[in-house]
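J.: Let me begin by handing over the structure; questions about it come next.
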Amino acid sequence: MTSRTPRMRRVRRLVRGSTHRGATPKVVALGGGMGLSASLAALRRITRDLTAVVTVADDGGSSGRLRDELGVLPPGDLRKALAALCGDDDWGQTWARVIQHRFISGGELHDHAVGNLLIVALWEQLGDHVQALDLVGKLLGAHGRVLPMSAVPLELQALVKGHDPDRPDEISTVRGQATVALTPGEVQSVHVVPEDPPAVPEVVEAVRDADWVVLGPGSWFSSVIPHLLVPQLREALEETKARKVLSLNLAPQPGETDGFSPQRHLEVLARHAPKLAFDVVLADQDAVPDREGLTGVAKELFGSEVELAAVAAQGEASRGAPGGGSPRHDPELLAAAYDRIFRMHGRIGPWR
């Protein structure tokens with residue numbers, strides 16, 4: 001493999017330049033967890049008008065404990081999105097580390113993240129999810145806005161084939177995002193409880209007013225598809241005049257999408273939102289063994305083009321996630337890919 005150093009220099013020049021040329025597009029990014037964080041770390045480099053929409057079905061770890069004890073929205077994915085929007089200066093990086101810091105103790109504070117406690121405290125003080133998150137973003141100097149997709153905590157439920165390894169052909173209902181994400185079986189479909197949760201009004205407004213909407217990457221059944229299970233949000237995504245990008249993962253997720261091809265990811269998403277169309281499907285060039293097959297499925301299901309680009313981190317950076325080993329997006333390469341898509345697909349004149 002050739003060195004990426006010259007390419008990275010070109011990418012940095014491109015990304016730096018794109019933030020200084022006139023107005024930038026209004027972009028809404030939807031997802032959850034590390035996938036959404038990767039998208040936001042890239043998008044904040046190329047637009048000054050960025051809104052993150054975050055799933056609220058997490059029931060594990062610190063978020064799950066706070067949700068159970070206080071009846072609040074799970075704050076963890078919201079915290080991760082805020083951290084991803086922090087700038088690269090000392091202020092931004094210091095606050096990103098602070099809100100991501102987890103306590104280690106033998107008591108009740110063990111494994112709670114500072115940012116989770118801060119967000120929940122402001123929710124209790126202000127009584128308003130959106131206002132509290134905007135205030136946290138202001139404190140952090142976040143390069144964008146973070147919103148929950150719904151104002152009520154959701155339970156994710158999945159129909160899974162072979163969740164019990166001793167009964168590989170049995171289809172059972174699996175409850176809870178953390179359990180769905182780690183199931184050894186094959187997820188057939190997902191839904192949320194309550195079945196018709198209300199969307200946050202600011203989310204619907206942002207989607208309808210956007211220039212571009214980005215869905216994914218992320219845990220397919222537990223972070224990406226749940227956005228399509230909120231009726232008002234799904235309708236806004238179907239009806240918005242914004243152009244839309246579906247950003248695929250670098251690899252199948254063990255358990256949740258183990259063995260899935262890129263085409264299979266598109267097929268299961270289309271089953272959950274058959275009316276939804278995309279302008280572009282973005283995938284890493286090394287993660288698509290059957291380019292012709294992906295192009296055909298994307299066109300058939302979503303009427304979309306496929307853009308292949310080098311967006312994966314290389315070497316040690318690709319193993320930077322806790323636990324190591326998982327492929328990761330390079331924020332500058334992903335930023336360059338998004339920037340190219342925004343400029344090449346349907347832009348007419350300057351942004352607003």
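Residues in the structure tokens are named by chain (A, B, ... in the order shown) and by number from 1 within that chain; ligands are numbered from 1 in the order shown.
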Show which residues sit within 8 Å of stretch 76-85 of chain A, as JSON, numbers by chain. Count only C-alpha atoms, and ignore same-chain residues fewer than 4 positions away.
T.: {"A": [32, 33, 34, 36, 37, 38, 40, 41, 44, 52, 54, 55, 56, 58, 62, 63, 95, 96, 97, 99, 100, 115, 116, 119, 137, 140, 142, 143, 144, 145, 146, 147, 148]}
J.: What's the 12 Å shell around A:Val203, counting only C-alpha atoms, without same-chain residues fewer than 3 positions away, as an MDAnalysis selection string?
T.: chainID A and resid 27:30 50:55 130 145:151 198:200 206:210 213 227 230 232:237
J.: When distances are computed from only C-alpha atoms, which of A:Thr240, A:Ser223, A:Ser247, A:Thr257 shows the smallest separation from A:Thr183?
T.: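 Ranked by minimum distance to A:Thr183, first place goes to A:Thr257.
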J.: Quick check for you: according to DSSP on this backbone, which residues of stretch 152-330 of chain A are classed as helix (DSSP H, G or I)? Reply as a VMD selection string.
T.: chain A and resid 177 to 181 201 to 209 220 to 229 231 to 239 262 to 272 291 to 302 315 to 319
J.: Residues of stretch 113-229 of chain A in strand (DSSP E) according to DSSP, as a PyMOL selection string?
T.: chain A and resi 145-148+155-161+171-175+186-193+212-215
J.: Between A:Ala23, A:Leu276, A:Ile225, A:Leu215, single out the one closest to A:Glu239, counting only C-alpha atoms.
T.: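 Of A:Ala23, A:Leu276, A:Ile225, A:Leu215, the one nearest A:Glu239 is A:Leu276, counting only C-alpha atoms.
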J.: Could you list, with a cut-off of 12 Å and counting only C-alpha atoms, the residues of stretch 15-81 of chain A near stretch 106-110 of chain A, each shown with its nearest atom pair and the distance in Å rounded to one decimal, rows sorted by chain and ascending number, as CSV?
T.:
residue,atom,partner,partner_atom,distance
A:Gly61,CA,A:His110,CA,10.1
A:Ser62,CA,A:His110,CA,8.7
A:Arg65,CA,A:Glu108,CA,10.1
A:Leu66,CA,A:Leu109,CA,10.9
A:Glu69,CA,A:Glu108,CA,11.9
J.: Between atom CA of A:Thr173 and atom CA of A:Pro226, measure the distance and give it in Å to one decimal.
T.: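 Spanning atom CA of A:Thr173 to atom CA of A:Pro226 is a straight-line distance of 16.2 Å.
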J.: Give me, as a PDB file with N, CA, C and O atoms, in the first residue's frame, all polymer residues having an atom no more than 9 Å from A:Gln285, counting only C-alpha atoms and skipping those fewer than 5 positions away in the same chain.
T.:
ATOM      1  N   ARG A 291     -18.718  -4.216  -6.034  1.00  0.00           N
ATOM      2  CA  ARG A 291     -19.106  -2.839  -6.325  1.00  0.00           C
ATOM      3  C   ARG A 291     -20.316  -2.781  -7.259  1.00  0.00           C
ATOM      4  O   ARG A 291     -21.215  -1.964  -7.071  1.00  0.00           O
ATOM      5  N   GLU A 307     -20.960   6.300  -3.947  1.00  0.00           N
ATOM      6  CA  GLU A 307     -19.650   6.943  -3.912  1.00  0.00           C
ATOM      7  C   GLU A 307     -18.722   6.087  -3.066  1.00  0.00           C
ATOM      8  O   GLU A 307     -19.009   5.801  -1.906  1.00  0.00           O
ATOM      9  N   LEU A 308     -17.617   5.661  -3.653  1.00  0.00           N
ATOM     10  CA  LEU A 308     -16.606   4.909  -2.928  1.00  0.00           C
ATOM     11  C   LEU A 308     -15.407   5.811  -2.686  1.00  0.00           C
ATOM     12  O   LEU A 308     -14.950   6.505  -3.596  1.00  0.00           O
ATOM     13  N   ALA A 309     -14.913   5.806  -1.457  1.00  0.00           N
ATOM     14  CA  ALA A 309     -13.782   6.669  -1.100  1.00  0.00           C
ATOM     15  C   ALA A 309     -12.979   5.998   0.000  1.00  0.00           C
ATOM     16  O   ALA A 309     -13.481   5.148   0.734  1.00  0.00           O
ATOM     17  N   ALA A 310     -11.725   6.396   0.117  1.00  0.00           N
ATOM     18  CA  ALA A 310     -10.883   5.927   1.224  1.00  0.00           C
ATOM     19  C   ALA A 310     -11.228   6.754   2.455  1.00  0.00           C
ATOM     20  O   ALA A 310     -10.855   7.919   2.550  1.00  0.00           O
ATOM     21  N   VAL A 311     -11.985   6.181   3.387  1.00  0.00           N
ATOM     22  CA  VAL A 311     -12.410   6.920   4.577  1.00  0.00           C
ATOM     23  C   VAL A 311     -12.001   6.221   5.870  1.00  0.00           C
ATOM     24  O   VAL A 311     -12.269   6.722   6.968  1.00  0.00           O
ATOM     25  N   ALA A 312     -11.333   5.082   5.786  1.00  0.00           N
ATOM     26  CA  ALA A 312     -10.937   4.343   6.981  1.00  0.00           C
ATOM     27  C   ALA A 312      -9.604   4.832   7.510  1.00  0.00           C
ATOM     28  O   ALA A 312      -8.687   5.155   6.743  1.00  0.00           O
TER      29      ALA A 312
END
J.: Within 8 Å of A:Pro184, counting only C-alpha atoms, which residues show up once you throw out same-chain ones fewer than 6 positions away? Write them as a list in words, please.
T.: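 Surrounding residues, per the criterion: Gly162, His163, Asp164, Pro165, Gly255 and Glu256 of chain A.
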J.: Hey, could you make a per-residue contact list for stretch 138-254 of chain A against stretch 262-275 of chain A with 9 Å as the cut-off, showing the nearest pair of atoms and its distance in Å to one decimal, counting only C-alpha atoms, sorted by chain and number, as a Markdown table?
T.:
| residue | atom | partner | partner_atom | distance |
| --- | --- | --- | --- | --- |
| A:Gln188 | CA | A:Val268 | CA | 8.1 |
| A:Ser189 | CA | A:Val268 | CA | 7.7 |
| A:Val190 | CA | A:His272 | CA | 8.3 |
| A:Trp220 | CA | A:His265 | CA | 7.5 |
| A:Phe221 | CA | A:Leu269 | CA | 8.6 |
| A:Val224 | CA | A:Leu269 | CA | 8.7 |
| A:Ile225 | CA | A:Leu269 | CA | 6.4 |
| A:Leu228 | CA | A:Ala273 | CA | 6.4 |
| A:Leu229 | CA | A:His272 | CA | 7.7 |
| A:Arg234 | CA | A:Ala273 | CA | 7.7 |
| A:Glu238 | CA | A:Lys275 | CA | 6.7 |
| A:Leu248 | CA | A:Pro262 | CA | 7.3 |
| A:Asn249 | CA | A:Pro262 | CA | 8.2 |
| A:Ala251 | CA | A:Pro262 | CA | 8.6 |
| A:Pro252 | CA | A:Pro262 | CA | 8.4 |
J.: Write to file, as a PDB file, in the first residue's frame, the residues of the selection just made, with N, CA, C and O atoms.
T.:
ATOM      1  N   GLN A 188     -33.986  -9.858  12.500  1.00  0.00           N
ATOM      2  CA  GLN A 188     -34.896  -9.812  11.358  1.00  0.00           C
ATOM      3  C   GLN A 188     -35.496  -8.418  11.183  1.00  0.00           C
ATOM      4  O   GLN A 188     -35.619  -7.914  10.066  1.00  0.00           O
ATOM      5  N   SER A 189     -35.881  -7.801  12.296  1.00  0.00           N
ATOM      6  CA  SER A 189     -36.469  -6.462  12.257  1.00  0.00           C
ATOM      7  C   SER A 189     -36.448  -5.890  13.660  1.00  0.00           C
ATOM      8  O   SER A 189     -36.248  -6.610  14.644  1.00  0.00           O
ATOM      9  N   VAL A 190     -36.628  -4.574  13.741  1.00  0.00           N
ATOM     10  CA  VAL A 190     -36.674  -3.903  15.043  1.00  0.00           C
ATOM     11  C   VAL A 190     -37.872  -2.968  15.092  1.00  0.00           C
ATOM     12  O   VAL A 190     -38.371  -2.499  14.066  1.00  0.00           O
ATOM     13  N   TRP A 220     -26.351  -0.722  13.015  1.00  0.00           N
ATOM     14  CA  TRP A 220     -27.432  -0.589  12.022  1.00  0.00           C
ATOM     15  C   TRP A 220     -28.815  -0.696  12.637  1.00  0.00           C
ATOM     16  O   TRP A 220     -29.697   0.134  12.392  1.00  0.00           O
ATOM     17  N   PHE A 221     -29.024  -1.732  13.452  1.00  0.00           N
ATOM     18  CA  PHE A 221     -30.349  -1.944  14.027  1.00  0.00           C
ATOM     19  C   PHE A 221     -30.588  -1.133  15.296  1.00  0.00           C
ATOM     20  O   PHE A 221     -31.734  -0.853  15.641  1.00  0.00           O
ATOM     21  N   VAL A 224     -29.025   3.322  13.806  1.00  0.00           N
ATOM     22  CA  VAL A 224     -29.386   3.941  12.526  1.00  0.00           C
ATOM     23  C   VAL A 224     -30.870   3.784  12.230  1.00  0.00           C
ATOM     24  O   VAL A 224     -31.608   4.763  12.072  1.00  0.00           O
ATOM     25  N   ILE A 225     -31.347   2.544  12.175  1.00  0.00           N
ATOM     26  CA  ILE A 225     -32.746   2.294  11.833  1.00  0.00           C
ATOM     27  C   ILE A 225     -33.737   2.892  12.842  1.00  0.00           C
ATOM     28  O   ILE A 225     -34.832   3.312  12.437  1.00  0.00           O
ATOM     29  N   LEU A 228     -35.896   5.794  11.898  1.00  0.00           N
ATOM     30  CA  LEU A 228     -36.976   5.571  10.944  1.00  0.00           C
ATOM     31  C   LEU A 228     -38.219   5.006  11.615  1.00  0.00           C
ATOM     32  O   LEU A 228     -39.244   4.809  10.958  1.00  0.00           O
ATOM     33  N   LEU A 229     -38.144   4.753  12.911  1.00  0.00           N
ATOM     34  CA  LEU A 229     -39.258   4.200  13.666  1.00  0.00           C
ATOM     35  C   LEU A 229     -40.032   5.263  14.424  1.00  0.00           C
ATOM     36  O   LEU A 229     -40.986   4.949  15.139  1.00  0.00           O
ATOM     37  N   ARG A 234     -39.575  10.078  10.437  1.00  0.00           N
ATOM     38  CA  ARG A 234     -39.520   9.352   9.164  1.00  0.00           C
ATOM     39  C   ARG A 234     -40.229  10.143   8.057  1.00  0.00           C
ATOM     40  O   ARG A 234     -39.724  10.248   6.928  1.00  0.00           O
ATOM     41  N   GLU A 238     -38.676  11.605   4.572  1.00  0.00           N
ATOM     42  CA  GLU A 238     -39.246  11.257   3.270  1.00  0.00           C
ATOM     43  C   GLU A 238     -39.637  12.498   2.469  1.00  0.00           C
ATOM     44  O   GLU A 238     -39.527  12.508   1.240  1.00  0.00           O
ATOM     45  N   LEU A 248     -22.307   4.097   4.980  1.00  0.00           N
ATOM     46  CA  LEU A 248     -22.203   2.709   5.417  1.00  0.00           C
ATOM     47  C   LEU A 248     -21.042   2.500   6.387  1.00  0.00           C
ATOM     48  O   LEU A 248     -20.074   3.259   6.402  1.00  0.00           O
ATOM     49  N   ASN A 249     -21.145   1.424   7.142  1.00  0.00           N
ATOM     50  CA  ASN A 249     -20.103   1.068   8.094  1.00  0.00           C
ATOM     51  C   ASN A 249     -18.885   0.489   7.378  1.00  0.00           C
ATOM     52  O   ASN A 249     -18.971   0.028   6.238  1.00  0.00           O
ATOM     53  N   ALA A 251     -17.329  -2.170   8.418  1.00  0.00           N
ATOM     54  CA  ALA A 251     -17.365  -3.630   8.538  1.00  0.00           C
ATOM     55  C   ALA A 251     -18.652  -4.018   9.254  1.00  0.00           C
ATOM     56  O   ALA A 251     -19.241  -3.199   9.971  1.00  0.00           O
ATOM     57  N   PRO A 252     -19.117  -5.247   9.068  1.00  0.00           N
ATOM     58  CA  PRO A 252     -20.284  -5.706   9.835  1.00  0.00           C
ATOM     59  C   PRO A 252     -19.976  -5.663  11.326  1.00  0.00           C
ATOM     60  O   PRO A 252     -18.828  -5.811  11.747  1.00  0.00           O
TER      61      PRO A 252
END
J.: One decimal, Å: what's the distance from atom CA of A:Pro217 over to atom CA of A:Gln314, could you say?
T.: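 Atom CA of A:Pro217 sits 17.9 Å away from atom CA of A:Gln314.
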